[in-house]
Amino acid sequence: MKSIMCPNCAAPLELEDTQTHVTCPFCSVTSELKKVDQLIEHYMLPVVYDVEQIRTELAGDILKSPGTPDDLHKSLNLKKVDLKFYPYYIVTVHLRTEYKGNGEYATFHHRYKSGYKSIDIHLKPEQGVFDDEREFIIWGPKEIINDLINFEISTRGKRYFQALEAKKVKAKVVKTVLDVEQAKVQAVATMRDIHKGLMYKELAQIHEVKDKPEVKGIYLLHIPFYFLEFEVNNKMYKATMDAATGRTVITQIPREGSYWVMIGLLSAFFGIIGIAGIYFAVAASQDASFFGLGINWVGIFAAITGIVFTVRTLLLGLRTKYRETRRKKR
Amino acid sequence: MSQIVKFQCPHCNAPVDVNPEDAVFNCNSCGQAFLADGTEFKNHYILDNKHNQNQIRDIVKGFIKKKGFMRGIKGYKITKLEPILMPFWVATSDAYTHYVGYKRYSETRTRTVGSGKNRRTVTESVTVYRPVDQEIREKRADVLLGRRGSSMYGYRKVKQILQSEFSRAVPFNHDRLMNTEKEFEYLSTEISLDAANQLAKTAVFDEHRSRAERACTKVFDCATQIAYTGTYFVHTPVWQIEYVFQDETYRIAILGSSGKIIAGEIPVTTRFRMTFLGITTLLFLGGGVGSYFLGADYIIPIIIGVVVAIMGFFTLKNVFKTVTVVD
């Protein structure tokens, strides 16, 4: 811990050792502390939603699913609330890759309409350059939490990390196992993989690769998440919520008994008709005069539709988890 | 000894709470844009906001009325009406890509073989290889959100809209802004001019390559060249709206310059679910009746079955989904 005086209003301020910037809580002027040992931009998102507000957001999101208890805003009973700040590195990498090798080209034979009927693939020496810049979000902690890794994080409203602020809301700050250098290495490795993929599109054999990675920017961002355990009608459920934006990372959905009965009836309705359809279609194909009703046509239809509908109803209806947003996979 | 520096706006000297990594930053009190080294930034544009709070309320009302048709949405309340100036980089460029490869496809051909009694028609499949050697030449306007790792509601769609809309942007004028848009929250950019051009280049590169890959079975070579014709920083007015219906919150984003809905969420009500469950059941029964009367061959009930199954795939989705997203 370091103590300094705010240069604007002379209020006393406290800083963590890694902190380079401090915002005065009295006059909201940001000051920069130069010549600290470990210069890294370290930010945090503030906890915007308090426990009561996050409970309202959670209940609201759950209620958007069918078959949830109508009185959830009253009956949702928070049993355990954990607030933790999780670290993400945001890294911008520039990579210039020069490559040499053998690329493919083709000669065509036997003209046919607008093309050819045969093709011969040959190799010829080829070289080129990839030069571009991309941004990566790298998960800092040791613990792997896929829901948080895949969560589409928002950096809006970030401010310099203040240990005091996390303490004020009684939150635990999760440390990163990756230091800045390791985060850079990981981002550069991902970038190299992308260039490698591109190279294999251009070349069949790679002979020589020279690359020059450059990390254009890196910062560490701590995002607050609520880990909740809640009770609805004597059953326990879990949820993870983003405390900065109020979005639901993931939650289990409490459903009413009548919902399961409905899903059961609906899938049974489609399923029975589907199976009956298969029976009639098969039975009728062996004996064309079966019932004399031409039921085999209906049977074929019912078999196809009934099975598809049953599977769809079960897949959609038996969902137990809800996610509000997910990061798109590259 | 540590040295302490406080940040001040170079234009009006107000002390500011900024992130010094901001590449272009806007003073909270006067709104003027500066580069990180304190020089004024010239290519700073803005799309004029043409709507006030009441007009936005009317747009929201119209949207919910139109899209919430048949859902019985009554008694919703707008709880948040927040105007934001979102920072975007628009990199205009002339992009040129040359790609070489081939496309493989098959054709069926019929020909007559033999003679006399043995004369017959044969149908055969021929694999054809067509060499591809093409160019993509275009003027582009690549739009990037000026924030890293950000997700603001509707920003993806704003990017698309800006590609055509940004020609209406006018140079940023602080005085006019004070009159009409003083209620807007400014967001500055964290991405520098240089980085914006670099990221735009990556976007062009990726898009042209994927276009080449779509045109060919195999791409042998694909090379892109880009010449920038100007990079602009465009502040775009976006209204972020939240409304509550039956204690649940839904979001809408509206472009302030045109009043266009960028993205919006519409509640899925019990009435809506029941309607689609009804439609699903009717399709099912209707298909059965149809197969009974039209069935003359195996193919007809199979076609009806597949059609109804596909339609039911979507109607059942509507029965179970949590929210309707319009964009």
# chains A, B, ... in the order shown; residues from 1 in each chain; ligands from 1
>>> residues_around(residues="stretch 147-154 of chain A", least_positions_apart="4", cutoff="12 Å", atoms="only C-alpha atoms", output="ChimeraX atom specification")
/A:44-46,84-90,136-143,158,221-227,239-251,321-330 /B:147-153,155
>>> select_by_dssp(residues="stretch 93-310 of chain A", states="helix (DSSP H, G or I)", output="ChimeraX atom specification")
/A:146-149,163-168,180-202,257-286,290-292,295-310
>>> interface_residues(of="chain A", to="chain B", cutoff="7 Å", atoms="only C-alpha atoms", output="VMD selection string")
chain A and resid 7 28 to 35 60 to 61 64 to 66 104 to 105 114 to 119 132 to 134 152 to 156 202 294 to 295 297 to 298 300 to 302 304 to 305 308 to 309 312 to 313 316 to 317
>>> closest_residue(among="B:Ile84, B:Leu144, B:Cys216, B:Ile56", to="B:Thr231", atoms="only C-alpha atoms")
B:Leu144
>>> closest_residue(among="B:Gln225, B:Ala169, B:Ser164, B:Lys157", to="A:Val129", atoms="only C-alpha atoms")
B:Gln225
>>> select_by_dssp(residues="stretch 51-249 of chain A", states="strand (DSSP E)", output="ChimeraX atom specification")
/A:77-112,115-139,159-160,172-173,203-232,235-242,248-249
>>> residues_around(residues="A:Lys74", least_positions_apart="3", cutoff="10 Å", atoms="only C-alpha atoms", output="mmCIF file with N, CA, C and O atoms, in the first residue's frame")
data_model
loop_
_atom_site.group_PDB
_atom_site.id
_atom_site.type_symbol
_atom_site.label_atom_id
_atom_site.label_comp_id
_atom_site.auth_asym_id
_atom_site.auth_seq_id
_atom_site.Cartn_x
_atom_site.Cartn_y
_atom_site.Cartn_z
ATOM 1 N N THR A 56 -33.776 -8.908 -8.661
ATOM 2 C CA THR A 56 -34.855 -8.505 -9.568
ATOM 3 C C THR A 56 -34.513 -8.872 -11.013
ATOM 4 O O THR A 56 -35.349 -9.397 -11.750
ATOM 5 N N ALA A 59 -34.768 -12.728 -11.430
ATOM 6 C CA ALA A 59 -36.160 -13.188 -11.468
ATOM 7 C C ALA A 59 -36.781 -12.801 -12.809
ATOM 8 O O ALA A 59 -37.471 -13.601 -13.447
ATOM 9 N N PRO A 69 -42.681 -20.136 -12.065
ATOM 10 C CA PRO A 69 -43.699 -19.680 -11.096
ATOM 11 C C PRO A 69 -43.981 -18.184 -11.256
ATOM 12 O O PRO A 69 -43.052 -17.378 -11.275
ATOM 13 N N ASP A 70 -45.251 -17.810 -11.352
ATOM 14 C CA ASP A 70 -45.634 -16.425 -11.583
ATOM 15 C C ASP A 70 -45.195 -15.483 -10.458
ATOM 16 O O ASP A 70 -44.910 -14.316 -10.695
ATOM 17 N N ASP A 71 -45.167 -16.029 -9.249
ATOM 18 C CA ASP A 71 -44.848 -15.169 -8.112
ATOM 19 C C ASP A 71 -43.356 -15.169 -7.793
ATOM 20 O O ASP A 71 -42.954 -14.915 -6.665
ATOM 21 N N ASN A 77 -35.830 -16.908 -3.227
ATOM 22 C CA ASN A 77 -35.213 -16.693 -1.938
ATOM 23 C C ASN A 77 -33.702 -16.882 -2.049
ATOM 24 O O ASN A 77 -33.230 -17.993 -2.250
ATOM 25 N N VAL A 232 -36.395 -21.825 -4.692
ATOM 26 C CA VAL A 232 -37.761 -21.576 -5.132
ATOM 27 C C VAL A 232 -38.559 -22.829 -4.827
ATOM 28 O O VAL A 232 -38.173 -23.928 -5.264
#
>>> residues_around(residues="B:Val238", least_positions_apart="2", cutoff="7 Å", atoms="only C-alpha atoms", output="PDB file with all heavy atoms, in the first residue's frame")
ATOM      1  N   PRO B  83     -29.800   8.309 -23.978  1.00  0.00           N
ATOM      2  CA  PRO B  83     -29.123   8.587 -25.237  1.00  0.00           C
ATOM      3  C   PRO B  83     -27.615   8.459 -25.077  1.00  0.00           C
ATOM      4  O   PRO B  83     -27.045   8.993 -24.133  1.00  0.00           O
ATOM      5  CB  PRO B  83     -29.521  10.037 -25.529  1.00  0.00           C
ATOM      6  CG  PRO B  83     -29.960  10.613 -24.234  1.00  0.00           C
ATOM      7  CD  PRO B  83     -30.105   9.528 -23.222  1.00  0.00           C
ATOM      8  N   ILE B  84     -27.009   7.734 -26.000  1.00  0.00           N
ATOM      9  CA  ILE B  84     -25.559   7.531 -25.937  1.00  0.00           C
ATOM     10  C   ILE B  84     -24.953   7.920 -27.272  1.00  0.00           C
ATOM     11  O   ILE B  84     -25.523   7.627 -28.324  1.00  0.00           O
ATOM     12  CB  ILE B  84     -25.227   6.046 -25.659  1.00  0.00           C
ATOM     13  CG1 ILE B  84     -25.705   5.660 -24.272  1.00  0.00           C
ATOM     14  CG2 ILE B  84     -23.741   5.771 -25.778  1.00  0.00           C
ATOM     15  CD1 ILE B  84     -25.480   4.209 -23.950  1.00  0.00           C
ATOM     16  N   LEU B  85     -23.822   8.595 -27.234  1.00  0.00           N
ATOM     17  CA  LEU B  85     -23.087   8.803 -28.480  1.00  0.00           C
ATOM     18  C   LEU B  85     -22.046   7.703 -28.559  1.00  0.00           C
ATOM     19  O   LEU B  85     -21.066   7.711 -27.834  1.00  0.00           O
ATOM     20  CB  LEU B  85     -22.439  10.181 -28.479  1.00  0.00           C
ATOM     21  CG  LEU B  85     -23.373  11.338 -28.801  1.00  0.00           C
ATOM     22  CD1 LEU B  85     -22.663  12.664 -28.624  1.00  0.00           C
ATOM     23  CD2 LEU B  85     -23.920  11.232 -30.215  1.00  0.00           C
ATOM     24  N   MET B  86     -22.304   6.743 -29.440  1.00  0.00           N
ATOM     25  CA  MET B  86     -21.376   5.619 -29.556  1.00  0.00           C
ATOM     26  C   MET B  86     -20.220   5.993 -30.477  1.00  0.00           C
ATOM     27  O   MET B  86     -20.441   6.573 -31.532  1.00  0.00           O
ATOM     28  CB  MET B  86     -22.090   4.414 -30.163  1.00  0.00           C
ATOM     29  CG  MET B  86     -22.953   3.654 -29.203  1.00  0.00           C
ATOM     30  SD  MET B  86     -23.369   2.069 -29.975  1.00  0.00           S
ATOM     31  CE  MET B  86     -24.602   1.486 -28.851  1.00  0.00           C
ATOM     32  N   THR B 236     -22.123   8.399 -33.053  1.00  0.00           N
ATOM     33  CA  THR B 236     -23.441   8.020 -33.541  1.00  0.00           C
ATOM     34  C   THR B 236     -24.436   8.016 -32.385  1.00  0.00           C
ATOM     35  O   THR B 236     -24.198   7.344 -31.382  1.00  0.00           O
ATOM     36  CB  THR B 236     -23.362   6.607 -34.152  1.00  0.00           C
ATOM     37  OG1 THR B 236     -22.285   6.614 -35.096  1.00  0.00           O
ATOM     38  CG2 THR B 236     -24.633   6.232 -34.852  1.00  0.00           C
ATOM     39  N   GLN B 240     -30.761   4.049 -25.942  1.00  0.00           N
ATOM     40  CA  GLN B 240     -30.901   2.749 -25.303  1.00  0.00           C
ATOM     41  C   GLN B 240     -32.140   2.811 -24.422  1.00  0.00           C
ATOM     42  O   GLN B 240     -32.210   3.632 -23.513  1.00  0.00           O
ATOM     43  CB  GLN B 240     -29.672   2.444 -24.447  1.00  0.00           C
ATOM     44  CG  GLN B 240     -28.382   2.423 -25.238  1.00  0.00           C
ATOM     45  CD  GLN B 240     -27.952   1.021 -25.625  1.00  0.00           C
ATOM     46  OE1 GLN B 240     -28.160   0.067 -24.890  1.00  0.00           O
ATOM     47  NE2 GLN B 240     -27.353   0.884 -26.783  1.00  0.00           N
ATOM     48  N   ALA B 253     -32.951  -0.598 -28.983  1.00  0.00           N
ATOM     49  CA  ALA B 253     -31.966   0.417 -29.358  1.00  0.00           C
ATOM     50  C   ALA B 253     -32.476   1.124 -30.612  1.00  0.00           C
ATOM     51  O   ALA B 253     -32.910   0.472 -31.562  1.00  0.00           O
ATOM     52  CB  ALA B 253     -30.610  -0.222 -29.612  1.00  0.00           C
ATOM     53  N   ILE B 254     -32.459   2.447 -30.592  1.00  0.00           N
ATOM     54  CA  ILE B 254     -32.960   3.231 -31.722  1.00  0.00           C
ATOM     55  C   ILE B 254     -31.866   4.182 -32.184  1.00  0.00           C
ATOM     56  O   ILE B 254     -31.196   4.821 -31.366  1.00  0.00           O
ATOM     57  CB  ILE B 254     -34.223   4.036 -31.329  1.00  0.00           C
ATOM     58  CG1 ILE B 254     -35.355   3.081 -30.963  1.00  0.00           C
ATOM     59  CG2 ILE B 254     -34.655   4.977 -32.446  1.00  0.00           C
ATOM     60  CD1 ILE B 254     -36.606   3.749 -30.475  1.00  0.00           C
ATOM     61  N   LEU B 255     -31.681   4.264 -33.508  1.00  0.00           N
ATOM     62  CA  LEU B 255     -30.707   5.185 -34.067  1.00  0.00           C
ATOM     63  C   LEU B 255     -31.305   6.592 -34.027  1.00  0.00           C
ATOM     64  O   LEU B 255     -32.359   6.846 -34.605  1.00  0.00           O
ATOM     65  CB  LEU B 255     -30.380   4.774 -35.507  1.00  0.00           C
ATOM     66  CG  LEU B 255     -29.231   5.502 -36.160  1.00  0.00           C
ATOM     67  CD1 LEU B 255     -27.928   5.169 -35.461  1.00  0.00           C
ATOM     68  CD2 LEU B 255     -29.136   5.140 -37.630  1.00  0.00           C
ATOM     69  N   GLY B 256     -30.626   7.503 -33.332  1.00  0.00           N
ATOM     70  CA  GLY B 256     -31.181   8.839 -33.117  1.00  0.00           C
ATOM     71  C   GLY B 256     -31.274   9.676 -34.377  1.00  0.00           C
ATOM     72  O   GLY B 256     -32.083  10.587 -34.464  1.00  0.00           O
TER      73      GLY B 256
END
>>> atom_distance(atom1="atom CA of A:Pro125", atom2="atom CA of B:Arg211")
24.9 Å
>>> residues_around(residues="B:Thr229", least_positions_apart="3", cutoff="10 Å", atoms="only C-alpha atoms", output="tab-separated table (two decimals) with N, CA, C and O atoms, in the first residue's frame")
chain	number	residue	atom	x	y	z
B	91	ALA	N	-13.33	3.47	-41.62
B	91	ALA	CA	-12.12	3.50	-42.46
B	91	ALA	C	-12.56	3.32	-43.90
B	91	ALA	O	-13.07	2.27	-44.27
B	92	THR	N	-12.40	4.37	-44.71
B	92	THR	CA	-12.77	4.24	-46.12
B	92	THR	C	-11.51	3.85	-46.89
B	92	THR	O	-10.43	4.36	-46.63
B	93	SER	N	-11.69	2.94	-47.83
B	93	SER	CA	-10.52	2.45	-48.55
B	93	SER	C	-10.90	1.94	-49.94
B	93	SER	O	-12.06	1.70	-50.22
B	94	ASP	N	-9.87	1.83	-50.77
B	94	ASP	CA	-10.01	1.11	-52.03
B	94	ASP	C	-9.35	-0.23	-51.82
B	94	ASP	O	-8.15	-0.28	-51.54
B	139	LYS	N	-14.80	0.00	-53.38
B	139	LYS	CA	-14.62	1.08	-52.41
B	139	LYS	C	-15.33	0.63	-51.15
B	139	LYS	O	-16.47	0.21	-51.20
B	140	ARG	N	-14.64	0.69	-50.05
B	140	ARG	CA	-15.24	0.17	-48.84
B	140	ARG	C	-15.35	1.24	-47.75
B	140	ARG	O	-14.61	2.21	-47.74
B	141	ALA	N	-16.27	1.02	-46.86
B	141	ALA	CA	-16.32	1.82	-45.64
B	141	ALA	C	-16.45	0.81	-44.51
B	141	ALA	O	-17.50	0.23	-44.30
B	226	ILE	N	-4.76	-2.80	-49.90
B	226	ILE	CA	-5.68	-1.77	-49.44
B	226	ILE	C	-5.01	-0.40	-49.47
B	226	ILE	O	-3.87	-0.25	-49.04
>>> atom_distance(atom1="atom CA of A:Leu178", atom2="atom CA of A:Ile144")
12.9 Å
>>> residues_around(residues="A:Val91", least_positions_apart="3", cutoff="6 Å", atoms="only C-alpha atoms", output="count of residues only")
4
>>> atom_distance(atom1="atom CA of A:Asp50", atom2="atom CA of A:Leu228")
12.6 Å
>>> residues_around(residues="stretch 195-197 of chain A", least_positions_apart="4", cutoff="12 Å", atoms="only C-alpha atoms", output="VMD selection string")
(chain A and resid 94 to 99 128 to 134 188 to 191 201 to 206 208 to 213) or (chain B and resid 202 206)
>>> write_last_selection(atoms="C-alpha atoms", output="PDB file, in the first residue's frame")
ATOM      1  CA  HIS A  94       0.112  -7.297 -34.506  1.00  0.00           C
ATOM      2  CA  LEU A  95       1.811 -10.066 -36.412  1.00  0.00           C
ATOM      3  CA  ARG A  96       3.788  -9.968 -39.600  1.00  0.00           C
ATOM      4  CA  THR A  97       4.531 -13.368 -41.028  1.00  0.00           C
ATOM      5  CA  GLU A  98       6.771 -13.910 -44.033  1.00  0.00           C
ATOM      6  CA  TYR A  99       6.578 -17.373 -45.471  1.00  0.00           C
ATOM      7  CA  GLY A 128       4.105 -14.119 -49.276  1.00  0.00           C
ATOM      8  CA  VAL A 129       3.343 -12.011 -46.258  1.00  0.00           C
ATOM      9  CA  PHE A 130       0.497 -11.830 -43.767  1.00  0.00           C
ATOM     10  CA  ASP A 131       0.415  -8.627 -41.830  1.00  0.00           C
ATOM     11  CA  ASP A 132      -2.500  -7.892 -39.570  1.00  0.00           C
ATOM     12  CA  GLU A 133      -3.767  -7.064 -36.140  1.00  0.00           C
ATOM     13  CA  ARG A 134      -6.353  -8.765 -33.964  1.00  0.00           C
ATOM     14  CA  VAL A 188       0.763 -14.237 -29.785  1.00  0.00           C
ATOM     15  CA  ALA A 189       0.419 -18.028 -29.933  1.00  0.00           C
ATOM     16  CA  THR A 190      -3.271 -17.731 -30.870  1.00  0.00           C
ATOM     17  CA  MET A 191      -2.366 -15.168 -33.520  1.00  0.00           C
ATOM     18  CA  LYS A 201      -4.558 -22.314 -47.291  1.00  0.00           C
ATOM     19  CA  GLU A 202      -1.921 -20.713 -49.500  1.00  0.00           C
ATOM     20  CA  LEU A 203       0.778 -23.390 -49.372  1.00  0.00           C
ATOM     21  CA  ALA A 204       0.960 -27.149 -49.503  1.00  0.00           C
ATOM     22  CA  GLN A 205       4.446 -27.282 -48.034  1.00  0.00           C
ATOM     23  CA  ILE A 206       5.939 -24.680 -45.764  1.00  0.00           C
ATOM     24  CA  GLU A 208      10.483 -21.159 -44.093  1.00  0.00           C
ATOM     25  CA  VAL A 209       8.580 -18.898 -41.745  1.00  0.00           C
ATOM     26  CA  LYS A 210       9.789 -15.625 -40.336  1.00  0.00           C
ATOM     27  CA  ASP A 211       7.475 -13.706 -38.109  1.00  0.00           C
ATOM     28  CA  LYS A 212       7.570 -10.561 -36.052  1.00  0.00           C
ATOM     29  CA  PRO A 213       4.941 -10.349 -33.326  1.00  0.00           C
TER      30      PRO A 213
ATOM     31  CA  THR B 202      -7.927  -7.442 -41.007  1.00  0.00           C
ATOM     32  CA  ASP B 206     -10.933 -11.876 -43.839  1.00  0.00           C
TER      33      ASP B 206
END
